[in-house]
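K.L.:
Sharing model_22.pdb here; it has PDB, C-alpha atoms.
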ATOM      1  CA  MET A   1     -49.211 141.532 227.717  1.00  0.00           C
ATOM      2  CA  SER A   2     -46.748 139.532 225.661  1.00  0.00           C
ATOM      3  CA  PRO A   3     -43.421 138.382 227.101  1.00  0.00           C
ATOM      4  CA  PRO A   4     -40.324 140.383 226.192  1.00  0.00           C
ATOM      5  CA  ARG A   5     -38.509 139.412 223.025  1.00  0.00           C
ATOM      6  CA  ASN A   6     -34.997 138.151 223.408  1.00  0.00           C
ATOM      7  CA  ASP A   7     -32.768 139.454 220.611  1.00  0.00           C
ATOM      8  CA  ALA A   8     -29.793 137.315 221.606  1.00  0.00           C
ATOM      9  CA  PRO A   9     -28.935 134.443 219.242  1.00  0.00           C
ATOM     10  CA  ILE A  10     -30.898 131.280 219.954  1.00  0.00           C
ATOM     11  CA  GLU A  11     -28.852 128.138 220.074  1.00  0.00           C
ATOM     12  CA  PRO A  12     -31.267 125.227 220.220  1.00  0.00           C
ATOM     13  CA  THR A  13     -29.511 121.941 219.823  1.00  0.00           C
ATOM     14  CA  PHE A  14     -31.261 119.679 217.373  1.00  0.00           C
ATOM     15  CA  THR A  15     -31.312 115.929 217.566  1.00  0.00           C
ATOM     16  CA  ARG A  16     -31.028 114.232 214.207  1.00  0.00           C
ATOM     17  CA  GLU A  17     -34.786 113.570 214.198  1.00  0.00           C
ATOM     18  CA  GLU A  18     -35.607 117.170 215.148  1.00  0.00           C
ATOM     19  CA  ALA A  19     -33.351 118.473 212.398  1.00  0.00           C
ATOM     20  CA  TRP A  20     -35.223 116.290 209.880  1.00  0.00           C
ATOM     21  CA  VAL A  21     -38.615 117.542 211.074  1.00  0.00           C
ATOM     22  CA  ALA A  22     -37.406 121.166 211.043  1.00  0.00           C
ATOM     23  CA  HIS A  23     -36.045 120.598 207.538  1.00  0.00           C
ATOM     24  CA  ALA A  24     -39.372 119.144 206.336  1.00  0.00           C
ATOM     25  CA  ALA A  25     -41.351 122.002 207.928  1.00  0.00           C
ATOM     26  CA  LEU A  26     -39.086 124.670 206.444  1.00  0.00           C
ATOM     27  CA  LEU A  27     -39.143 123.089 202.967  1.00  0.00           C
ATOM     28  CA  ALA A  28     -42.945 122.989 203.108  1.00  0.00           C
ATOM     29  CA  ALA A  29     -42.927 126.678 204.110  1.00  0.00           C
ATOM     30  CA  CYS A  30     -40.630 127.459 201.152  1.00  0.00           C
ATOM     31  CA  GLU A  31     -43.004 125.639 198.811  1.00  0.00           C
ATOM     32  CA  ARG A  32     -45.996 127.582 200.197  1.00  0.00           C
ATOM     33  CA  PHE A  33     -44.064 130.842 199.805  1.00  0.00           C
ATOM     34  CA  VAL A  34     -43.353 130.106 196.142  1.00  0.00           C
ATOM     35  CA  GLY A  35     -46.834 128.661 195.531  1.00  0.00           C
ATOM     36  CA  ASP A  36     -48.471 131.792 196.949  1.00  0.00           C
ATOM     37  CA  GLY A  37     -46.730 133.876 194.321  1.00  0.00           C
ATOM     38  CA  SER A  38     -44.519 135.499 196.946  1.00  0.00           C
ATOM     39  CA  ASP A  39     -41.400 134.454 195.051  1.00  0.00           C
ATOM     40  CA  GLY A  40     -41.371 137.850 193.316  1.00  0.00           C
ATOM     41  CA  GLU A  41     -40.195 139.179 196.675  1.00  0.00           C
ATOM     42  CA  GLY A  42     -36.937 137.231 196.449  1.00  0.00           C
ATOM     43  CA  PRO A  43     -35.952 133.845 197.809  1.00  0.00           C
ATOM     44  CA  PRO A  44     -38.024 132.370 200.628  1.00  0.00           C
ATOM     45  CA  PRO A  45     -36.768 133.668 203.984  1.00  0.00           C
ATOM     46  CA  HIS A  46     -37.031 130.119 205.342  1.00  0.00           C
ATOM     47  CA  ARG A  47     -33.907 129.187 203.362  1.00  0.00           C
ATOM     48  CA  ARG A  48     -31.846 131.265 205.768  1.00  0.00           C
ATOM     49  CA  VAL A  49     -33.140 129.171 208.683  1.00  0.00           C
ATOM     50  CA  LEU A  50     -32.356 125.942 206.823  1.00  0.00           C
ATOM     51  CA  TYR A  51     -28.786 127.101 206.246  1.00  0.00           C
ATOM     52  CA  SER A  52     -28.359 128.024 209.908  1.00  0.00           C
ATOM     53  CA  ILE A  53     -29.641 124.656 211.107  1.00  0.00           C
ATOM     54  CA  GLU A  54     -27.545 122.712 208.610  1.00  0.00           C
ATOM     55  CA  ARG A  55     -24.428 124.618 209.698  1.00  0.00           C
ATOM     56  CA  ASP A  56     -25.197 124.355 213.449  1.00  0.00           C
ATOM     57  CA  GLN A  57     -25.344 128.134 213.714  1.00  0.00           C
ATOM     58  CA  PRO A  58     -27.504 129.974 216.256  1.00  0.00           C
ATOM     59  CA  LEU A  59     -30.863 131.292 215.093  1.00  0.00           C
ATOM     60  CA  ASP A  60     -31.702 134.951 215.488  1.00  0.00           C
ATOM     61  CA  THR A  61     -35.150 135.969 216.739  1.00  0.00           C
ATOM     62  CA  ASP A  62     -36.570 136.305 213.213  1.00  0.00           C
ATOM     63  CA  GLU A  63     -35.260 132.879 212.209  1.00  0.00           C
ATOM     64  CA  ALA A  64     -36.738 131.318 215.349  1.00  0.00           C
ATOM     65  CA  ALA A  65     -40.097 132.922 214.515  1.00  0.00           C
ATOM     66  CA  LEU A  66     -39.930 131.542 210.951  1.00  0.00           C
ATOM     67  CA  LEU A  67     -39.096 128.073 212.289  1.00  0.00           C
ATOM     68  CA  ARG A  68     -41.916 128.247 214.822  1.00  0.00           C
ATOM     69  CA  ASP A  69     -44.443 129.346 212.198  1.00  0.00           C
ATOM     70  CA  ALA A  70     -43.234 126.650 209.783  1.00  0.00           C
ATOM     71  CA  LEU A  71     -43.603 123.991 212.487  1.00  0.00           C
ATOM     72  CA  VAL A  72     -47.110 125.178 213.429  1.00  0.00           C
ATOM     73  CA  ASP A  73     -48.216 124.989 209.786  1.00  0.00           C
ATOM     74  CA  TYR A  74     -46.453 121.683 209.124  1.00  0.00           C
ATOM     75  CA  LEU A  75     -47.699 119.821 212.195  1.00  0.00           C
ATOM     76  CA  GLY A  76     -51.332 120.093 211.107  1.00  0.00           C
ATOM     77  CA  ASP A  77     -50.744 117.631 208.261  1.00  0.00           C
ATOM     78  CA  ALA A  78     -47.423 116.092 209.283  1.00  0.00           C
ATOM     79  CA  PRO A  79     -46.838 112.362 209.017  1.00  0.00           C
ATOM     80  CA  VAL A  80     -47.559 110.611 212.312  1.00  0.00           C
ATOM     81  CA  ARG A  81     -43.856 109.844 212.795  1.00  0.00           C
ATOM     82  CA  ASP A  82     -43.050 113.600 212.804  1.00  0.00           C
ATOM     83  CA  ARG A  83     -45.783 114.864 215.123  1.00  0.00           C
ATOM     84  CA  ALA A  84     -44.377 114.123 218.586  1.00  0.00           C
ATOM     85  CA  ILE A  85     -40.882 115.180 217.570  1.00  0.00           C
ATOM     86  CA  GLY A  86     -42.247 118.347 215.959  1.00  0.00           C
ATOM     87  CA  ARG A  87     -44.334 119.280 219.009  1.00  0.00           C
ATOM     88  CA  THR A  88     -41.314 118.794 221.266  1.00  0.00           C
ATOM     89  CA  LEU A  89     -39.189 120.954 218.981  1.00  0.00           C
ATOM     90  CA  LEU A  90     -41.909 123.604 218.807  1.00  0.00           C
ATOM     91  CA  ARG A  91     -42.060 123.797 222.619  1.00  0.00           C
ATOM     92  CA  ARG A  92     -38.267 124.097 222.810  1.00  0.00           C
ATOM     93  CA  VAL A  93     -38.154 126.858 220.196  1.00  0.00           C
ATOM     94  CA  ASP A  94     -40.891 128.732 222.083  1.00  0.00           C
ATOM     95  CA  ASP A  95     -39.111 128.258 225.425  1.00  0.00           C
ATOM     96  CA  THR A  96     -35.697 129.210 224.046  1.00  0.00           C
ATOM     97  CA  SER A  97     -36.788 132.237 222.097  1.00  0.00           C
ATOM     98  CA  ALA A  98     -39.334 133.716 224.532  1.00  0.00           C
ATOM     99  CA  LEU A  99     -41.476 134.690 221.546  1.00  0.00           C
ATOM    100  CA  PRO A 100     -45.141 135.553 222.074  1.00  0.00           C
ATOM    101  CA  GLU A 101     -47.664 132.848 221.225  1.00  0.00           C
ATOM    102  CA  ARG A 102     -49.227 132.971 217.763  1.00  0.00           C
ATOM    103  CA  ASP A 103     -52.958 132.367 217.385  1.00  0.00           C
ATOM    104  CA  VAL A 104     -53.528 129.283 215.263  1.00  0.00           C
TER
END
Let's see the structure in the file written out as structure tokens.

P.N.:
Amino acid sequence: MSPPRNDAPIEPTFTREEAWVAHAALLAACERFVGDGSDGEGPPPHRRVLYSIERDQPLDTDEAALLRDALVDYLGDAPVRDRAIGRTLLRRVDDTSALPERDV
């Protein structure tokens, strides 16, 4: 059974380093979205998450899920300097959002 989803806004606080890693992960997700030919569906949904982070706004459940998925994908090939920070951020997003685990 998966844990209940929390639909309240998620207000993770990002250190400067975490914000950079989140930014890199979300940009990579945007590039994959466009590269997969999904751009006919409109702008990448990850842009919304980038805007929220850059404006220090809370993330909704969908934005937290997009950030989590972007981090999971990014951390597989992330530069060494981003890995520990990214894993810490991923754990915090999971803890804050109470989202079910995704099979990787």

K.L.:
Apply the PyMOL selection byres ((chain A and resi 67) around 8) to the displayed file and report the matching residues as a short mmCIF file (atom, residue, chain, number, x, y, z; two decimals) with C-alpha atoms, in the frame of the given file.

P.N.:
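This went into expr.cif:
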data_model
loop_
_atom_site.label_atom_id
_atom_site.label_comp_id
_atom_site.auth_asym_id
_atom_site.auth_seq_id
_atom_site.Cartn_x
_atom_site.Cartn_y
_atom_site.Cartn_z
CA ALA A 22 -37.41 121.17 211.04
CA ALA A 25 -41.35 122.00 207.93
CA LEU A 26 -39.09 124.67 206.44
CA HIS A 46 -37.03 130.12 205.34
CA VAL A 49 -33.14 129.17 208.68
CA GLU A 63 -35.26 132.88 212.21
CA ALA A 64 -36.74 131.32 215.35
CA ALA A 65 -40.10 132.92 214.52
CA LEU A 66 -39.93 131.54 210.95
CA ARG A 68 -41.92 128.25 214.82
CA ASP A 69 -44.44 129.35 212.20
CA ALA A 70 -43.23 126.65 209.78
CA LEU A 71 -43.60 123.99 212.49
#

K.L.:
Atom CA of A:Asp77 and atom CA of A:Ala28 are how many Å apart?

P.N.:
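Atom CA of A:Ala28 lies 10.8 Å from atom CA of A:Asp77.
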
K.L.:
Tell me which residues the PyMOL selection byres ((chain A and resi 44) around 9) grabs here, as a PyMOL selection string.

P.N.:
chain A and resi 29-31+33-34+38-39+41-43+45-48

K.L.:
Keeping C-alpha atoms, export the residues of the selection given above as a PDB file, in the coordinates of the input.

P.N.:
ATOM      1  CA  ALA A  29     -42.927 126.678 204.110  1.00  0.00           C
ATOM      2  CA  CYS A  30     -40.630 127.459 201.152  1.00  0.00           C
ATOM      3  CA  GLU A  31     -43.004 125.639 198.811  1.00  0.00           C
ATOM      4  CA  PHE A  33     -44.064 130.842 199.805  1.00  0.00           C
ATOM      5  CA  VAL A  34     -43.353 130.106 196.142  1.00  0.00           C
ATOM      6  CA  SER A  38     -44.519 135.499 196.946  1.00  0.00           C
ATOM      7  CA  ASP A  39     -41.400 134.454 195.051  1.00  0.00           C
ATOM      8  CA  GLU A  41     -40.195 139.179 196.675  1.00  0.00           C
ATOM      9  CA  GLY A  42     -36.937 137.231 196.449  1.00  0.00           C
ATOM     10  CA  PRO A  43     -35.952 133.845 197.809  1.00  0.00           C
ATOM     11  CA  PRO A  45     -36.768 133.668 203.984  1.00  0.00           C
ATOM     12  CA  HIS A  46     -37.031 130.119 205.342  1.00  0.00           C
ATOM     13  CA  ARG A  47     -33.907 129.187 203.362  1.00  0.00           C
ATOM     14  CA  ARG A  48     -31.846 131.265 205.768  1.00  0.00           C
TER      15      ARG A  48
END

K.L.:
Could you jot down the atom CA of A:Arg81 to atom CA of A:Thr61 separation for me, Å, one decimal place?

P.N.:
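Computing the Euclidean distance for atom CA of A:Arg81 and atom CA of A:Thr61 yields 27.8 Å.
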
K.L.:
To one decimal place in Å, what is the distance between atom CA of A:Asp62 and atom CA of A:Asp36?

P.N.:
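About the pair atom CA of A:Asp62 and atom CA of A:Asp36: they are 20.7 Å apart.
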